[in-house]
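S.K.: One structure coming up, written as structure tokens, with questions to follow.
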Protein chains: 2
Amino acid sequence: MLSTPVHKHPDENLDLVFRALGDRTRRQLLGRLSQGSAMVTELAEPFDMSLPAVGKHLRVLEKAGLVKRTITGRVHRCALDATPLRTAEDWLAHYRVFWGETLDALEDYVRKDAVGKKRTRRKVRK
Amino acid sequence: MLSTPVHKHPDENLDLVFRALGDRTRRQLLGRLSQGSAMVTELAEPFDMSLPAVGKHLRVLEKAGLVKRTITGRVHRCALDATPLRTAEDWLAHYRVFWGETLDALEDYVRKDAVGKKRTRRKVRK
DNA sequence: GTTATATTAAACCTTATGGTTTACTATATG
DNA sequence: CATATAGTAAACCATAAGGTTTAATATAAC
């Protein structure tokens with residue numbers, strides 16, 4: 001199965017996602033995938049690294065839920081699934097307050113949140 | 001020195017930050033620090049883990065630039081520095097487009113993409 | 001049916017991680 | 001001075017990560 005891993009601890013998911021992002025190669029793979037799905041060989045081509053190595057990276061991304069693959073015959077087509085990144089960003093959002101041009105950022109956040117959840121606009125207190 | 005690590009590759013910084021975030025304990029430490037600075041013993045107290053272990057986690061966070069410490073006598077006071085998180089969020093921001101109830105976002109993306117690549121509109125496969 | 005292609009599996013290596021315990025150092029405090 | 005306190009250092013251990021190479025597997029193409 002392995003399609004969308006659901007974890008007991010919600011944090012476990014964050015572990016997987018952040019750790020998956022903690023590698024340049026994997027971030028590049030995601031970057032590539034953000035422009036469209038691709039088969040493993042295609043994905044591996046730009047890297048100075050063996051195919052199995054890239055395969056492993058893809059599995060890490062898959063386990064983090066960031067990549068979905070569809071097997072058709074002998075070709076595995078990989079596609080980006082960004083939803084876990086949203087969880088990551090949600091976690092980061094708590095810290096936005098601490099890094100600066102906070103008024104804009106906060107407004108931004110509120111706006112997005114309001115749109116996303118169809119919630120009555122809250123006051124920005126502070 | 002070690003105060004603010006500057007890395008040759010900007011990506012190296014992202015590696016450190018994301019990897020630092022990829023551990024529950026360290027995220028909890030950041031959470032604690034987000035409510036105010038604290039000395040190492042205080043930080044270690046809630047964890048079922050030896051003091052040196054927490055010390056190591058703190059050093060990981062420090063190397064990622066997420067924690068700053070000021071030594072006064074024998075006590076090391078640790079404080080959150082969230083600026084690297086901003087970098088992380090900036091990276092993530094590129095993917096916001098992919099996780100939304102994305103009509104706006106998608107439109108946004110398509111517009112930007114069209115401008116950027118002068119490419120014929122692709123199908124949104126799903 | 002044979003060969004080429006796409007991909008994983010397995011075995012292996014090296015270094016990193018996350019934890020422990022047992023020193024050790026330095027600063028407070030009685 | 002003697003001792004408690006705050007913290008790191010060092011040595012050690014098990015497992016995970018990131019890579020390699022050499023099979024092995026399955027599908028496609030000739």
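Residues in the structure tokens are numbered from 1 in each chain, the chains being A, B, ... in the order shown, and ligands are numbered from 1 in the order shown.
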Would you kindly return, as an MDAnalysis selection string, each protein, DNA or RNA residue with an atom no farther than 12 Å from any atom of C:DG18, considering only C-alpha atoms (C1' of nucleotides) and excluding same-chain residues fewer than 2 positions away?

M.R.: (chainID B and resid 23:26 49:50 52:57 60) or (chainID C and resid 16 20) or (chainID D and resid 13:16)

S.K.: Generate the output file for the selected residues, C-alpha atoms (C1' of nucleotides), as a JSON list (two decimals), in the first residue's frame.

M.R.:
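Writing done, so here's selection00.json:
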[["chain", "number", "residue", "atom", "x", "y", "z"],
["B", 23, "ASP", "CA", 13.46, 15.73, 14.97],
["B", 24, "ARG", "CA", 10.60, 15.92, 17.40],
["B", 25, "THR", "CA", 12.78, 16.73, 20.40],
["B", 26, "ARG", "CA", 14.36, 19.64, 18.62],
["B", 49, "MET", "CA", 16.67, 11.97, 28.20],
["B", 50, "SER", "CA", 20.11, 12.69, 29.60],
["B", 52, "PRO", "CA", 24.23, 15.59, 27.30],
["B", 53, "ALA", "CA", 21.65, 14.33, 24.82],
["B", 54, "VAL", "CA", 19.72, 17.57, 25.06],
["B", 55, "GLY", "CA", 23.00, 19.42, 24.85],
["B", 56, "LYS", "CA", 23.67, 17.76, 21.52],
["B", 57, "HIS", "CA", 20.26, 18.67, 20.19],
["B", 60, "VAL", "CA", 22.40, 20.94, 16.24],
["C", 16, "DA", "C1'", 26.13, 10.69, 10.55],
["C", 20, "DT", "C1'", 24.16, 6.36, 26.89],
["D", 13, "DC", "C1'", 27.06, 1.82, 20.97],
["D", 14, "DA", "C1'", 23.27, 0.85, 17.71],
["D", 15, "DT", "C1'", 20.99, 2.21, 13.94],
["D", 16, "DA", "C1'", 20.04, 5.28, 10.04]]

S.K.: Which parts of stretch 28-99 of chain B does DSSP call helix (DSSP H, G or I) when run on the backbone here, written out as JSON, numbers by chain?

M.R.: {"B": [28, 29, 30, 31, 32, 33, 40, 41, 42, 43, 44, 51, 52, 53, 54, 55, 56, 57, 58, 59, 60, 61, 62, 63, 83, 84, 85, 86, 87, 88, 89, 90, 91, 92, 93, 94, 95, 96]}

S.K.: Could you list the residues in chain D lying within 8 Å of chain B, using only C-alpha atoms (C1' of nucleotides), and format the result as JSON, numbers by chain?

M.R.: {"D": [6, 7, 8]}

S.K.: Using only C-alpha atoms (C1' of nucleotides), determine which residues of chain C fall within 7 Å of chain B; present them as a VMD selection string.

M.R.: chain C and resid 19 26 to 27

S.K.: Restricted to C-alpha atoms (C1' of nucleotides), what would the selected residues look like written as a PDB file, in the first residue's frame?

M.R.:
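Below is the file that was written, again_30.pdb:
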ATOM      1  C1'  DG C  19      21.473   8.067  22.703  1.00  0.00           C
ATOM      2  C1'  DA C  26      34.498  25.885  35.563  1.00  0.00           C
ATOM      3  C1'  DT C  27      31.780  28.684  38.476  1.00  0.00           C
TER       4       DT C  27
END

S.K.: For chain A versus chain B, which residues have an atom no more than 9 Å away, and what is each residue's nearest atom pair and distance in Å rounded to one decimal, using only C-alpha atoms, chain-then-number order, as a tab-separated table?

M.R.:
residue	atom	partner	partner_atom	distance
A:Asp11	CA	B:Arg24	CA	6.7
A:Glu12	CA	B:Arg24	CA	7.7
A:Leu14	CA	B:Gly22	CA	6.9
A:Asp15	CA	B:Gly22	CA	4.5
A:Leu16	CA	B:Gly22	CA	6.8
A:Val17	CA	B:Gly22	CA	7.3
A:Phe18	CA	B:Gly22	CA	4.6
A:Arg19	CA	B:Gly22	CA	4.6
A:Ala20	CA	B:Gly22	CA	8.2
A:Leu21	CA	B:Phe18	CA	6.0
A:Gly22	CA	B:Asp15	CA	4.5
A:Asp23	CA	B:Asp15	CA	5.6
A:Arg24	CA	B:Asp11	CA	6.6
A:Gly31	CA	B:Tyr95	CA	8.9
A:Ser34	CA	B:Tyr95	CA	7.7
A:Leu80	CA	B:Phe98	CA	8.6
A:Asp81	CA	B:Phe98	CA	7.7
A:Ala82	CA	B:Trp99	CA	5.5
A:Thr83	CA	B:Trp99	CA	5.2
A:Pro84	CA	B:Trp99	CA	8.5
A:Leu85	CA	B:Leu92	CA	7.0
A:Arg86	CA	B:Trp99	CA	6.6
A:Ala88	CA	B:Leu92	CA	8.4
A:Glu89	CA	B:Glu89	CA	6.8
A:Leu92	CA	B:Glu89	CA	7.0
A:Ala93	CA	B:Glu89	CA	8.4
A:Tyr95	CA	B:Ala82	CA	6.8
A:Arg96	CA	B:Arg86	CA	7.4
A:Val97	CA	B:Ala82	CA	8.9
A:Phe98	CA	B:Ala82	CA	5.8
A:Trp99	CA	B:Thr83	CA	5.3
A:Gly100	CA	B:Thr83	CA	8.0
A:Gly116	CA	B:Glu101	CA	7.0
